[in-house]
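Visitor: After the structure tokens below, expect a handful of questions from me.
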Amino acid sequence: MFLKILTIFFFNLLFQSLKSSSQTLSFTYNNGFTPLTATDLSLQGITTVTPNGLLKLTNTTVQKTGHAFHTKPIRFKDSQNGTVFSFSTTFVFAIHSQIPILSGHGIAFTVAPTPSLPNATASQYMGLFNIVNNGNATNHVFAVEFDTIRSTEFNDPDDNHVGINLNSLESVQTSRAGWWDEKGEFKNLTLISRKPMQVWVDYDGRSHRIDVTMAPINEDKPAKPLVSAVRDLSPILLQDMFVGFSSATGSVLSEHYILGWSFAVNGKAPTLALSRLPKLPRFEPKRISEFFKIGMPLISLFLIFSLIFLVCFIVRRRRKFAEEHEEWEKEFGKNRFRFKDLYYATKGFKEKDLLGSGGFGSVYKGIMPGTKLEIAVKRVSHESRQGMKQFVAEIVSIGRMSHRNLVPLLGYCRRRGELLLVYDYMPNGSLDKYLYNSPEVTLNWKQRIKVILGVASGLFYLHEEWEQVVIHRDVKASNVLLDGELNGRLGDFGLARLYDHGSDPQTTHVVGTLGYLAPEHTRTGRATTATDVFAFGAFLLEVACGRRPIEICQDRDETFLLVDWVFGLWNKGNILDAMDPNMGSECDEKEVEMVMKLGLLCSHSDPRARPSMRQVLHYLRGDAKLPDLSPLDLSGSGMMFGVEDGFSELGMSYSSSVFKGFTGGSSIADSLLSGGR
């Protein structure tokens with residue numbers, strides 16, 4: 001008997017459950033939202049019901065939200081983990097904007113877990129979400145938006161679209177507002193036209209298809225929906241939810257109205273009796289006139305000030321990027337860079353992108369816009385126009401050179417008292433940072449001899465292999481750059497001088513860096529290939545010894561000459577004591593000794609005693625053996641090299657008066673551009 005009663009109770013419970021899950025729940029607001037029916041609505045924010053029964057979601061208050069939800073929760077599924085039932089709704093809305101061509105933000109049909117959204121914000125968030133929770137899965141909000149403002153942050157297609165939203169203002173599917181007539185032709189609808197429009201939203205619980213359809217009022221429901229998406233709403237919607245509308249205003253005054261509304265679960269929403277719906281209020285010209293009285297002058301002032309600001313901005317921008325162009329530069333057009341491109345490439349020549357600076361300018365790293373080419377830009381000041389045409393011609397000519405051990409010179413730019421030289425960027429920087437001041441990273445001997453060979457090869461190319469003779473005039477460690485594979489590349493051709501093979505160079509202006517200047521250059525001002533060889537000798541010694549050619553101790557008023565020091569150690573028979581201890585013990589001492597002696601030979605005071613770069617390369621590559629020299633050969637009678645005073649002249653060449661006021665590595669001459677050539 002007990003078992004029979006229990007069985008009857010179980011089947012009755014199951015029947016009631018099936019009955020509740022299959023029942024059709026619906027409501028209809030056909031005669032507008034009268035005070036009697038409005039009791040079933042929960043109104044939040046600035047939402048009100050007008051005396052004639054219009055649900056007025058927003059008024060002309062700016063930056064506010066308005067919500068209207070059915071007060072009774074709707075059961076959308078049998079259990080929390082169940083599948084959402086099919087549901088359907090239809091409503092008629094209108095947007096009344098105070099400015100015919102502009103509007104505030106739109107409205108959204110909303111299914112939410114509560115009958116209010118207190119944390120939602122206005123403007124582009126449409127009273128649905130805020131900047132923090134937009135896109136959160138915990139929102140449990142399904143909405144269909146009718147948006148009249150394009151918000152690029154939500155990837156809106158335009159300012160007149162319909163979208164299906166799940167927990168976010170970024171729609172899963174959108175379309176411009178409109179409808180498909182019975183001929184299958186698409187007709188546009190303007191959401192802010194102030195005309196009533198009817199919307200149908202249908203969800204199929206089995207296929208999970210969401211259809212949104214709209215049409216002008218008094219038109220039948222189109223056969224083809226405007227927006228469709230297949231999304232299972234079961235993870236989005238809870239078991240019990242609230243249905244209603246959300247809206248918000250922005251900076252432009254607008255009002256949003258709902259004229260009628262019906263809703264149903266597990267069935268089609270009841271058809272609205274359109275003839276019984278309340279009428280929209282008449283347009284009031286007075287408000288527009290008030291707008292023109294107050295708003296138009298303000299807008300006019302804003303436009304005038306904006307125009308002035310724009311003109312000032314353009315003038316300032318043109319001055320900022322102004323360049324110097326002369327007729328003779330036309331032939332060099334393809335080698336000229338725009339200052340604007342270089343400015344943006346270096347991010348405005350910021351200090352954080354400064355690679356280094358010296359007596360002839362500062363060098364900045366940059367990335368060319370568009371091509372993404374990494375460059376180094378050297379800014380050189382020039383106060384004189386003398387020789388500029390010839391200088392640029394030589395720079396462009398040098399830019400045509402191509403050698404694996406030369407830093408490519410890509411081009412130039414001229415503006416406002418400065419010249420900018422553009423080079424390929426070398427990622428490992430200049431050689432000097434690996435040699436001096438207790439470097440964090442140093443180079444072993446194999447790496448150093450590789451750099452020496454590269455620089456020698458590049459200098460030989462300049463002297464003998466190119467179509468003209470190129471005297472670099474500033475060979476030193478800081479002008480030797482290392483590429484990604486630590487190959488030495490000779491760079492900075494800002495002081496280079498060109499002349500034809502077999503001719504006599506006419507340079508009479510002393511330029512270069514203290515410690516690398518040949519004695520005859522300081523006396524006569526003439527730069528030759530032999531003066532480059534002298535500088536290369538100083539370079540060999542500084543790479544092997546890890547010390548600058550000249551070091552000045554200010555507190556003791558003493559000057560250290562690297563070439564004298566190495567020569568003195570050689571004279572005592574212990575030249576290897578000059579070797580840089582930072583490069584480790586694993587090195588070929590005979591090769592180090594050969595490089596030091598070659599450095600001394602290249603630094604000979606008599607240019608006739610110095611080898612050519614062709615001979616230097618033979619010695620470094622082992623194709624020829626360095627002559628068996630002794631200190632007496634260079635400092636004694638000097639008969640072997642046809643000179644009488646040998647190295648004794650070297651120290652006298654740099655008197656204390658020359659050194660005074662300079663530090664190691666600083667320039668002793670004015671820029672080539674400020675004093676002619």
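Within each chain, counting starts at residue 1; across the structure tokens, chains are named A, B, ... in the order shown, with ligands numbered 1 upward in that order.
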Residues at most 8 Å from A:Val199, counting only C-alpha atoms, excluding those fewer than 5 positions away in the same chain, as a ChimeraX atom specification?
Guide: /A:90-92,212-215
Visitor: Just to be explicit: take each residue in the selection above, keep C-alpha atoms, and write the result as a PDB file, in the first residue's frame.
Guide:
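The resulting out-v5.pdb:
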ATOM      1  CA  THR A  90       8.084  41.927 -29.854  1.00  0.00           C
ATOM      2  CA  PHE A  91       7.974  45.637 -29.090  1.00  0.00           C
ATOM      3  CA  VAL A  92       7.570  49.032 -30.750  1.00  0.00           C
ATOM      4  CA  VAL A 212      16.297  39.729 -34.701  1.00  0.00           C
ATOM      5  CA  THR A 213      13.830  41.227 -37.174  1.00  0.00           C
ATOM      6  CA  MET A 214      12.585  44.791 -37.536  1.00  0.00           C
ATOM      7  CA  ALA A 215      10.321  46.811 -39.815  1.00  0.00           C
TER       8      ALA A 215
END
Visitor: Pick out the residues sitting within 10 Å of A:Val252, and hand them over as a list in words; count only C-alpha atoms, and ignore anything fewer than 5 positions along from it in its own chain.
Guide: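 With the cut-off at 10 Å, the set is Thr60, Thr61, Val62, Gln63, Ser97, Gln98, Ile99, Leu102, Ser103, Gly104, His105 and Ser123 of chain A.
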Visitor: How would the residues just chosen look if you wrote them out with N, CA and C atoms as a PDB file, in the first residue's frame?
Guide:
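Final file, out_12.pdb:
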ATOM      1  N   THR A  60      15.661  64.399 -21.333  1.00  0.00           N
ATOM      2  CA  THR A  60      16.714  65.242 -21.903  1.00  0.00           C
ATOM      3  C   THR A  60      17.844  65.521 -20.912  1.00  0.00           C
ATOM      4  N   THR A  61      17.929  64.715 -19.849  1.00  0.00           N
ATOM      5  CA  THR A  61      19.066  64.810 -18.936  1.00  0.00           C
ATOM      6  C   THR A  61      20.265  64.106 -19.561  1.00  0.00           C
ATOM      7  N   VAL A  62      21.433  64.716 -19.469  1.00  0.00           N
ATOM      8  CA  VAL A  62      22.619  64.124 -20.102  1.00  0.00           C
ATOM      9  C   VAL A  62      23.332  63.184 -19.128  1.00  0.00           C
ATOM     10  N   GLN A  63      24.033  62.197 -19.711  1.00  0.00           N
ATOM     11  CA  GLN A  63      24.888  61.259 -18.971  1.00  0.00           C
ATOM     12  C   GLN A  63      24.119  60.533 -17.857  1.00  0.00           C
ATOM     13  N   SER A  97      15.233  62.575 -31.047  1.00  0.00           N
ATOM     14  CA  SER A  97      16.442  63.354 -30.806  1.00  0.00           C
ATOM     15  C   SER A  97      16.151  64.842 -30.935  1.00  0.00           C
ATOM     16  N   GLN A  98      16.772  65.633 -30.061  1.00  0.00           N
ATOM     17  CA  GLN A  98      16.577  67.068 -30.110  1.00  0.00           C
ATOM     18  C   GLN A  98      17.241  67.694 -31.340  1.00  0.00           C
ATOM     19  N   ILE A  99      18.292  67.050 -31.844  1.00  0.00           N
ATOM     20  CA  ILE A  99      18.954  67.485 -33.076  1.00  0.00           C
ATOM     21  C   ILE A  99      18.688  66.402 -34.117  1.00  0.00           C
ATOM     22  N   LEU A 102      21.716  64.197 -35.066  1.00  0.00           N
ATOM     23  CA  LEU A 102      22.547  63.648 -34.001  1.00  0.00           C
ATOM     24  C   LEU A 102      21.666  63.026 -32.946  1.00  0.00           C
ATOM     25  N   SER A 103      22.262  62.145 -32.139  1.00  0.00           N
ATOM     26  CA  SER A 103      21.491  61.494 -31.098  1.00  0.00           C
ATOM     27  C   SER A 103      22.395  61.150 -29.931  1.00  0.00           C
ATOM     28  N   GLY A 104      21.731  60.877 -28.822  1.00  0.00           N
ATOM     29  CA  GLY A 104      22.454  60.282 -27.711  1.00  0.00           C
ATOM     30  C   GLY A 104      22.629  58.804 -28.017  1.00  0.00           C
ATOM     31  N   HIS A 105      22.767  57.984 -27.004  1.00  0.00           N
ATOM     32  CA  HIS A 105      22.983  56.562 -27.236  1.00  0.00           C
ATOM     33  C   HIS A 105      21.638  55.827 -27.288  1.00  0.00           C
ATOM     34  N   SER A 123      26.226  56.810 -21.417  1.00  0.00           N
ATOM     35  CA  SER A 123      26.952  57.007 -22.685  1.00  0.00           C
ATOM     36  C   SER A 123      27.103  55.697 -23.434  1.00  0.00           C
TER      37      SER A 123
END
Visitor: A:Asp40: which residues within 8 Å, counting only C-alpha atoms, same-chain residues fewer than 5 positions away excluded, as an MDAnalysis selection string?
Guide: chainID A and resid 70:72
Visitor: For N, CA and C atoms, I'd like the residues from the last selection saved as a PDB file, in the first residue's frame.
Guide:
ATOM      1  N   HIS A  70      10.275  43.908 -16.228  1.00  0.00           N
ATOM      2  CA  HIS A  70       9.092  43.223 -15.714  1.00  0.00           C
ATOM      3  C   HIS A  70       9.406  42.748 -14.301  1.00  0.00           C
ATOM      4  N   THR A  71       8.538  43.077 -13.352  1.00  0.00           N
ATOM      5  CA  THR A  71       8.863  42.838 -11.936  1.00  0.00           C
ATOM      6  C   THR A  71       8.928  41.357 -11.585  1.00  0.00           C
ATOM      7  N   LYS A  72       8.175  40.523 -12.284  1.00  0.00           N
ATOM      8  CA  LYS A  72       8.159  39.100 -11.957  1.00  0.00           C
ATOM      9  C   LYS A  72       9.265  38.374 -12.704  1.00  0.00           C
TER      10      LYS A  72
END
Visitor: Set the distance at 10 Å and use only C-alpha atoms: which residues neighbour stretch 474-476 of chain A once local chain neighbours fewer than 3 positions away are removed? I'd like the list as a ChimeraX atom specification.
Guide: /A:431-432,455,459,471,479-480,490-496,511-517,531-540,542-543,548-549,665,667
Visitor: Suppose we keep C-alpha atoms; can you now write the selection as a PDB file, in the first residue's frame?
Guide:
ATOM      1  CA  LEU A 431      84.498  49.162 -30.355  1.00  0.00           C
ATOM      2  CA  ASP A 432      85.690  51.604 -27.685  1.00  0.00           C
ATOM      3  CA  VAL A 455      89.130  47.707 -40.446  1.00  0.00           C
ATOM      4  CA  LEU A 459      90.723  51.215 -45.167  1.00  0.00           C
ATOM      5  CA  ILE A 471      90.950  59.649 -46.870  1.00  0.00           C
ATOM      6  CA  ASN A 479      84.394  55.078 -35.158  1.00  0.00           C
ATOM      7  CA  VAL A 480      84.703  51.313 -35.567  1.00  0.00           C
ATOM      8  CA  LEU A 490      84.664  51.507 -40.235  1.00  0.00           C
ATOM      9  CA  GLY A 491      82.064  54.262 -40.019  1.00  0.00           C
ATOM     10  CA  ASP A 492      81.536  58.011 -39.593  1.00  0.00           C
ATOM     11  CA  PHE A 493      82.540  59.524 -42.933  1.00  0.00           C
ATOM     12  CA  GLY A 494      81.651  63.045 -41.811  1.00  0.00           C
ATOM     13  CA  LEU A 495      85.290  64.138 -42.197  1.00  0.00           C
ATOM     14  CA  ALA A 496      86.228  62.014 -45.220  1.00  0.00           C
ATOM     15  CA  VAL A 511      90.606  67.918 -38.605  1.00  0.00           C
ATOM     16  CA  GLY A 512      90.665  64.726 -36.617  1.00  0.00           C
ATOM     17  CA  THR A 513      91.069  63.560 -33.034  1.00  0.00           C
ATOM     18  CA  LEU A 514      93.961  64.183 -30.685  1.00  0.00           C
ATOM     19  CA  GLY A 515      96.226  61.140 -30.503  1.00  0.00           C
ATOM     20  CA  TYR A 516      95.463  59.979 -34.039  1.00  0.00           C
ATOM     21  CA  LEU A 517      96.835  62.994 -35.933  1.00  0.00           C
ATOM     22  CA  THR A 531      97.946  60.195 -42.267  1.00  0.00           C
ATOM     23  CA  ASP A 532      95.208  57.524 -42.238  1.00  0.00           C
ATOM     24  CA  VAL A 533      97.935  54.882 -41.771  1.00  0.00           C
ATOM     25  CA  PHE A 534      99.288  56.864 -38.801  1.00  0.00           C
ATOM     26  CA  ALA A 535      95.812  56.875 -37.208  1.00  0.00           C
ATOM     27  CA  PHE A 536      95.507  53.148 -37.956  1.00  0.00           C
ATOM     28  CA  GLY A 537      98.780  52.597 -36.076  1.00  0.00           C
ATOM     29  CA  ALA A 538      97.321  54.327 -33.017  1.00  0.00           C
ATOM     30  CA  PHE A 539      94.205  52.184 -33.473  1.00  0.00           C
ATOM     31  CA  LEU A 540      96.316  48.967 -33.511  1.00  0.00           C
ATOM     32  CA  GLU A 542      94.755  50.844 -28.461  1.00  0.00           C
ATOM     33  CA  VAL A 543      93.080  47.548 -29.493  1.00  0.00           C
ATOM     34  CA  ARG A 548      93.639  55.383 -25.319  1.00  0.00           C
ATOM     35  CA  PRO A 549      96.423  56.918 -27.460  1.00  0.00           C
ATOM     36  CA  GLY A 665      89.602  61.350 -27.439  1.00  0.00           C
ATOM     37  CA  SER A 667      88.557  66.786 -31.137  1.00  0.00           C
TER      38      SER A 667
END
Visitor: My list of candidates is A:Val441, A:Leu303, A:Leu462, A:Cys602. Which is closest to A:Asn582 when distances are computed with only C-alpha atoms?
Guide: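 Between A:Val441, A:Leu303, A:Leu462, A:Cys602, the residue approaching A:Asn582 most closely is A:Val441.
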Visitor: Could you list, as a list in words, every residue within 9 Å of A:Leu280, counting only C-alpha atoms and ignoring same-chain residues fewer than 6 positions away?
Guide: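 Non-adjacent residues within range: Leu54, Ala94, Arg194, Lys195, Pro196, Tyr257 and Leu259 of chain A.
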Visitor: To test your reading of the structure, identify every residue in stretch 100-319 of chain A that backbone DSSP assigns to helix (DSSP H, G or I), and report it as a PDB file with N, CA and C atoms, in the first residue's frame.
Guide:
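Saved result, out_16.pdb, follows:
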ATOM      1  N   SER A 123      26.226  56.810 -21.417  1.00  0.00           N
ATOM      2  CA  SER A 123      26.952  57.007 -22.685  1.00  0.00           C
ATOM      3  C   SER A 123      27.103  55.697 -23.434  1.00  0.00           C
ATOM      4  N   GLN A 124      28.326  55.361 -23.870  1.00  0.00           N
ATOM      5  CA  GLN A 124      28.502  54.201 -24.742  1.00  0.00           C
ATOM      6  C   GLN A 124      28.187  52.877 -24.061  1.00  0.00           C
ATOM      7  N   TYR A 125      28.085  52.860 -22.707  1.00  0.00           N
ATOM      8  CA  TYR A 125      27.775  51.605 -22.018  1.00  0.00           C
ATOM      9  C   TYR A 125      26.282  51.326 -21.959  1.00  0.00           C
ATOM     10  N   ALA A 137      32.099  37.127 -17.883  1.00  0.00           N
ATOM     11  CA  ALA A 137      31.144  36.021 -18.000  1.00  0.00           C
ATOM     12  C   ALA A 137      30.168  36.000 -16.835  1.00  0.00           C
ATOM     13  N   THR A 138      30.505  36.634 -15.724  1.00  0.00           N
ATOM     14  CA  THR A 138      29.628  36.651 -14.541  1.00  0.00           C
ATOM     15  C   THR A 138      28.474  37.637 -14.680  1.00  0.00           C
ATOM     16  N   ASN A 139      28.412  38.379 -15.783  1.00  0.00           N
ATOM     17  CA  ASN A 139      27.313  39.336 -15.972  1.00  0.00           C
ATOM     18  C   ASN A 139      25.978  38.629 -16.172  1.00  0.00           C
ATOM     19  N   THR A 152      34.167  52.945 -31.313  1.00  0.00           N
ATOM     20  CA  THR A 152      35.234  52.145 -31.922  1.00  0.00           C
ATOM     21  C   THR A 152      35.818  51.142 -30.933  1.00  0.00           C
ATOM     22  N   GLU A 153      35.764  51.456 -29.639  1.00  0.00           N
ATOM     23  CA  GLU A 153      36.324  50.530 -28.651  1.00  0.00           C
ATOM     24  C   GLU A 153      35.557  49.209 -28.609  1.00  0.00           C
ATOM     25  N   PHE A 154      34.281  49.221 -29.085  1.00  0.00           N
ATOM     26  CA  PHE A 154      33.481  48.000 -29.128  1.00  0.00           C
ATOM     27  C   PHE A 154      33.346  47.467 -30.556  1.00  0.00           C
ATOM     28  N   LEU A 274      -1.541  47.268 -32.870  1.00  0.00           N
ATOM     29  CA  LEU A 274      -0.835  48.515 -33.150  1.00  0.00           C
ATOM     30  C   LEU A 274      -1.746  49.738 -33.095  1.00  0.00           C
ATOM     31  N   SER A 275      -3.015  49.548 -33.458  1.00  0.00           N
ATOM     32  CA  SER A 275      -3.935  50.693 -33.473  1.00  0.00           C
ATOM     33  C   SER A 275      -4.229  51.201 -32.062  1.00  0.00           C
ATOM     34  N   ARG A 276      -4.005  50.392 -31.060  1.00  0.00           N
ATOM     35  CA  ARG A 276      -4.314  50.776 -29.676  1.00  0.00           C
ATOM     36  C   ARG A 276      -3.115  51.364 -28.945  1.00  0.00           C
ATOM     37  N   PRO A 285       9.098  72.806 -31.424  1.00  0.00           N
ATOM     38  CA  PRO A 285      10.117  73.684 -32.018  1.00  0.00           C
ATOM     39  C   PRO A 285      10.784  74.589 -30.994  1.00  0.00           C
ATOM     40  N   LYS A 286      10.137  74.874 -29.891  1.00  0.00           N
ATOM     41  CA  LYS A 286      10.682  75.779 -28.897  1.00  0.00           C
ATOM     42  C   LYS A 286      12.028  75.275 -28.371  1.00  0.00           C
ATOM     43  N   ARG A 287      12.109  73.978 -28.161  1.00  0.00           N
ATOM     44  CA  ARG A 287      13.359  73.429 -27.635  1.00  0.00           C
ATOM     45  C   ARG A 287      14.492  73.604 -28.633  1.00  0.00           C
ATOM     46  N   ILE A 288      14.152  73.420 -29.921  1.00  0.00           N
ATOM     47  CA  ILE A 288      15.188  73.593 -30.943  1.00  0.00           C
ATOM     48  C   ILE A 288      15.640  75.046 -30.977  1.00  0.00           C
ATOM     49  N   SER A 289      14.655  75.982 -30.872  1.00  0.00           N
ATOM     50  CA  SER A 289      15.029  77.402 -30.892  1.00  0.00           C
ATOM     51  C   SER A 289      15.918  77.731 -29.700  1.00  0.00           C
ATOM     52  N   GLU A 290      15.612  77.143 -28.530  1.00  0.00           N
ATOM     53  CA  GLU A 290      16.471  77.363 -27.374  1.00  0.00           C
ATOM     54  C   GLU A 290      17.869  76.825 -27.632  1.00  0.00           C
ATOM     55  N   PHE A 291      17.900  75.705 -28.312  1.00  0.00           N
ATOM     56  CA  PHE A 291      19.206  75.134 -28.636  1.00  0.00           C
ATOM     57  C   PHE A 291      19.995  76.082 -29.541  1.00  0.00           C
ATOM     58  N   PHE A 292      19.280  76.636 -30.558  1.00  0.00           N
ATOM     59  CA  PHE A 292      19.975  77.537 -31.478  1.00  0.00           C
ATOM     60  C   PHE A 292      20.402  78.823 -30.772  1.00  0.00           C
ATOM     61  N   LYS A 293      19.627  79.256 -29.793  1.00  0.00           N
ATOM     62  CA  LYS A 293      19.980  80.475 -29.076  1.00  0.00           C
ATOM     63  C   LYS A 293      21.213  80.278 -28.198  1.00  0.00           C
ATOM     64  N   ILE A 294      21.277  79.122 -27.551  1.00  0.00           N
ATOM     65  CA  ILE A 294      22.372  78.880 -26.595  1.00  0.00           C
ATOM     66  C   ILE A 294      23.456  78.002 -27.194  1.00  0.00           C
ATOM     67  N   GLY A 295      22.993  76.905 -27.828  1.00  0.00           N
ATOM     68  CA  GLY A 295      23.969  75.917 -28.298  1.00  0.00           C
ATOM     69  C   GLY A 295      24.784  76.361 -29.489  1.00  0.00           C
ATOM     70  N   MET A 296      24.125  76.995 -30.471  1.00  0.00           N
ATOM     71  CA  MET A 296      24.838  77.363 -31.695  1.00  0.00           C
ATOM     72  C   MET A 296      25.970  78.353 -31.439  1.00  0.00           C
ATOM     73  N   PRO A 297      25.775  79.396 -30.617  1.00  0.00           N
ATOM     74  CA  PRO A 297      26.921  80.281 -30.335  1.00  0.00           C
ATOM     75  C   PRO A 297      28.083  79.548 -29.677  1.00  0.00           C
ATOM     76  N   LEU A 298      27.739  78.633 -28.771  1.00  0.00           N
ATOM     77  CA  LEU A 298      28.804  77.877 -28.115  1.00  0.00           C
ATOM     78  C   LEU A 298      29.549  76.992 -29.121  1.00  0.00           C
ATOM     79  N   ILE A 299      28.754  76.354 -30.003  1.00  0.00           N
ATOM     80  CA  ILE A 299      29.387  75.512 -31.021  1.00  0.00           C
ATOM     81  C   ILE A 299      30.228  76.360 -31.971  1.00  0.00           C
ATOM     82  N   SER A 300      29.724  77.542 -32.316  1.00  0.00           N
ATOM     83  CA  SER A 300      30.478  78.429 -33.206  1.00  0.00           C
ATOM     84  C   SER A 300      31.797  78.841 -32.579  1.00  0.00           C
ATOM     85  N   LEU A 301      31.755  79.207 -31.285  1.00  0.00           N
ATOM     86  CA  LEU A 301      32.987  79.572 -30.594  1.00  0.00           C
ATOM     87  C   LEU A 301      33.965  78.400 -30.557  1.00  0.00           C
ATOM     88  N   PHE A 302      33.400  77.228 -30.301  1.00  0.00           N
ATOM     89  CA  PHE A 302      34.242  76.031 -30.261  1.00  0.00           C
ATOM     90  C   PHE A 302      34.911  75.790 -31.611  1.00  0.00           C
ATOM     91  N   LEU A 303      34.136  75.942 -32.697  1.00  0.00           N
ATOM     92  CA  LEU A 303      34.694  75.737 -34.033  1.00  0.00           C
ATOM     93  C   LEU A 303      35.754  76.779 -34.364  1.00  0.00           C
ATOM     94  N   ILE A 304      35.531  78.046 -33.943  1.00  0.00           N
ATOM     95  CA  ILE A 304      36.513  79.104 -34.217  1.00  0.00           C
ATOM     96  C   ILE A 304      37.821  78.816 -33.494  1.00  0.00           C
ATOM     97  N   PHE A 305      37.702  78.483 -32.193  1.00  0.00           N
ATOM     98  CA  PHE A 305      38.913  78.176 -31.428  1.00  0.00           C
ATOM     99  C   PHE A 305      39.607  76.924 -31.966  1.00  0.00           C
ATOM    100  N   SER A 306      38.814  75.955 -32.406  1.00  0.00           N
ATOM    101  CA  SER A 306      39.405  74.742 -32.987  1.00  0.00           C
ATOM    102  C   SER A 306      40.159  75.069 -34.264  1.00  0.00           C
ATOM    103  N   LEU A 307      39.581  75.966 -35.079  1.00  0.00           N
ATOM    104  CA  LEU A 307      40.239  76.366 -36.326  1.00  0.00           C
ATOM    105  C   LEU A 307      41.548  77.106 -36.039  1.00  0.00           C
ATOM    106  N   ILE A 308      41.515  78.008 -35.046  1.00  0.00           N
ATOM    107  CA  ILE A 308      42.745  78.725 -34.676  1.00  0.00           C
ATOM    108  C   ILE A 308      43.802  77.752 -34.185  1.00  0.00           C
ATOM    109  N   PHE A 309      43.383  76.833 -33.341  1.00  0.00           N
ATOM    110  CA  PHE A 309      44.327  75.840 -32.831  1.00  0.00           C
ATOM    111  C   PHE A 309      44.908  75.002 -33.965  1.00  0.00           C
ATOM    112  N   LEU A 310      44.049  74.629 -34.920  1.00  0.00           N
ATOM    113  CA  LEU A 310      44.505  73.816 -36.038  1.00  0.00           C
ATOM    114  C   LEU A 310      45.521  74.563 -36.893  1.00  0.00           C
ATOM    115  N   VAL A 311      45.247  75.847 -37.156  1.00  0.00           N
ATOM    116  CA  VAL A 311      46.179  76.660 -37.948  1.00  0.00           C
ATOM    117  C   VAL A 311      47.516  76.796 -37.229  1.00  0.00           C
ATOM    118  N   CYS A 312      47.462  77.087 -35.926  1.00  0.00           N
ATOM    119  CA  CYS A 312      48.710  77.198 -35.142  1.00  0.00           C
ATOM    120  C   CYS A 312      49.469  75.889 -35.139  1.00  0.00           C
ATOM    121  N   PHE A 313      48.730  74.785 -35.022  1.00  0.00           N
ATOM    122  CA  PHE A 313      49.371  73.472 -35.012  1.00  0.00           C
ATOM    123  C   PHE A 313      50.071  73.192 -36.337  1.00  0.00           C
ATOM    124  N   ILE A 314      49.383  73.523 -37.447  1.00  0.00           N
ATOM    125  CA  ILE A 314      49.970  73.273 -38.770  1.00  0.00           C
ATOM    126  C   ILE A 314      51.205  74.132 -38.986  1.00  0.00           C
ATOM    127  N   VAL A 315      51.115  75.433 -38.598  1.00  0.00           N
ATOM    128  CA  VAL A 315      52.267  76.338 -38.764  1.00  0.00           C
ATOM    129  C   VAL A 315      53.445  75.862 -37.927  1.00  0.00           C
ATOM    130  N   ARG A 316      53.150  75.512 -36.685  1.00  0.00           N
ATOM    131  CA  ARG A 316      54.225  75.039 -35.800  1.00  0.00           C
ATOM    132  C   ARG A 316      54.830  73.740 -36.315  1.00  0.00           C
ATOM    133  N   ARG A 317      53.981  72.872 -36.829  1.00  0.00           N
ATOM    134  CA  ARG A 317      54.458  71.593 -37.362  1.00  0.00           C
ATOM    135  C   ARG A 317      55.361  71.823 -38.575  1.00  0.00           C
ATOM    136  N   ARG A 318      54.961  72.755 -39.449  1.00  0.00           N
ATOM    137  CA  ARG A 318      55.776  73.036 -40.631  1.00  0.00           C
ATOM    138  C   ARG A 318      57.128  73.627 -40.243  1.00  0.00           C
ATOM    139  N   ARG A 319      57.104  74.517 -39.242  1.00  0.00           N
ATOM    140  CA  ARG A 319      58.371  75.071 -38.769  1.00  0.00           C
ATOM    141  C   ARG A 319      59.230  73.988 -38.135  1.00  0.00           C
TER     142      ARG A 319
END
Visitor: Give the answer as one residue: which of A:Lys450, A:Arg209, A:Lys433, A:Lys268 has the shortest atom-to-atom distance to A:Ala477, using only C-alpha atoms?
Guide: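 Comparing A:Lys450, A:Arg209, A:Lys433, A:Lys268 against A:Ala477, the winner is A:Lys433.
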Visitor: Report, in Å to a single decimal, how far apart atom CA of A:Asp147 and atom CA of A:His161 are.
Guide: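 Atom CA of A:Asp147 lies 5.6 Å from atom CA of A:His161.
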Visitor: So the first atom is atom CA of A:Thr114 and the second is atom CA of A:Gln239; what is the distance between them in Å, to one decimal place?
Guide: 12.1 Å
Visitor: Pick the closest to A:Gly458 from A:Lys183, A:Lys56, A:Asn405, A:Gly361: which is it, counting only C-alpha atoms?
Guide: A:Asn405
Visitor: From the options A:Leu43, A:Leu57, A:Val392, A:Val162, which residue's atoms come nearest to A:Cys413, counting only C-alpha atoms?
Guide: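 Using only C-alpha atoms, A:Cys413 sits closest to A:Val392.
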Visitor: Write out as a list in words the residues lying within 12 Å of A:Thr346, counting only C-alpha atoms and excluding same-chain residues fewer than 5 positions away.
Guide: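 Non-adjacent residues within range: Phe339, Lys340, Asp341, Glu351, Lys352, Asp353, Leu354, Leu355, Val363, Tyr364, Lys365, Gly366, Ile367, Met368, Pro369, Lys372, Leu373, Glu374, Ile375, Ala376, Val377, Lys378, Arg379 and Val422 of chain A.
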Visitor: Could you pull the residues within 8 Å of A:Leu617, counting only C-alpha atoms, minus those fewer than 5 positions along the same chain, as a list in words?
Guide: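 These residues fall inside the cut-off: Leu453, Ala456, Ser457 and Phe460 of chain A.
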Visitor: At what distance in Å, to one decimal, does atom CA of A:Leu629 lie from atom CA of A:Ser603?
Guide: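 These atoms are spaced 14.0 Å apart.
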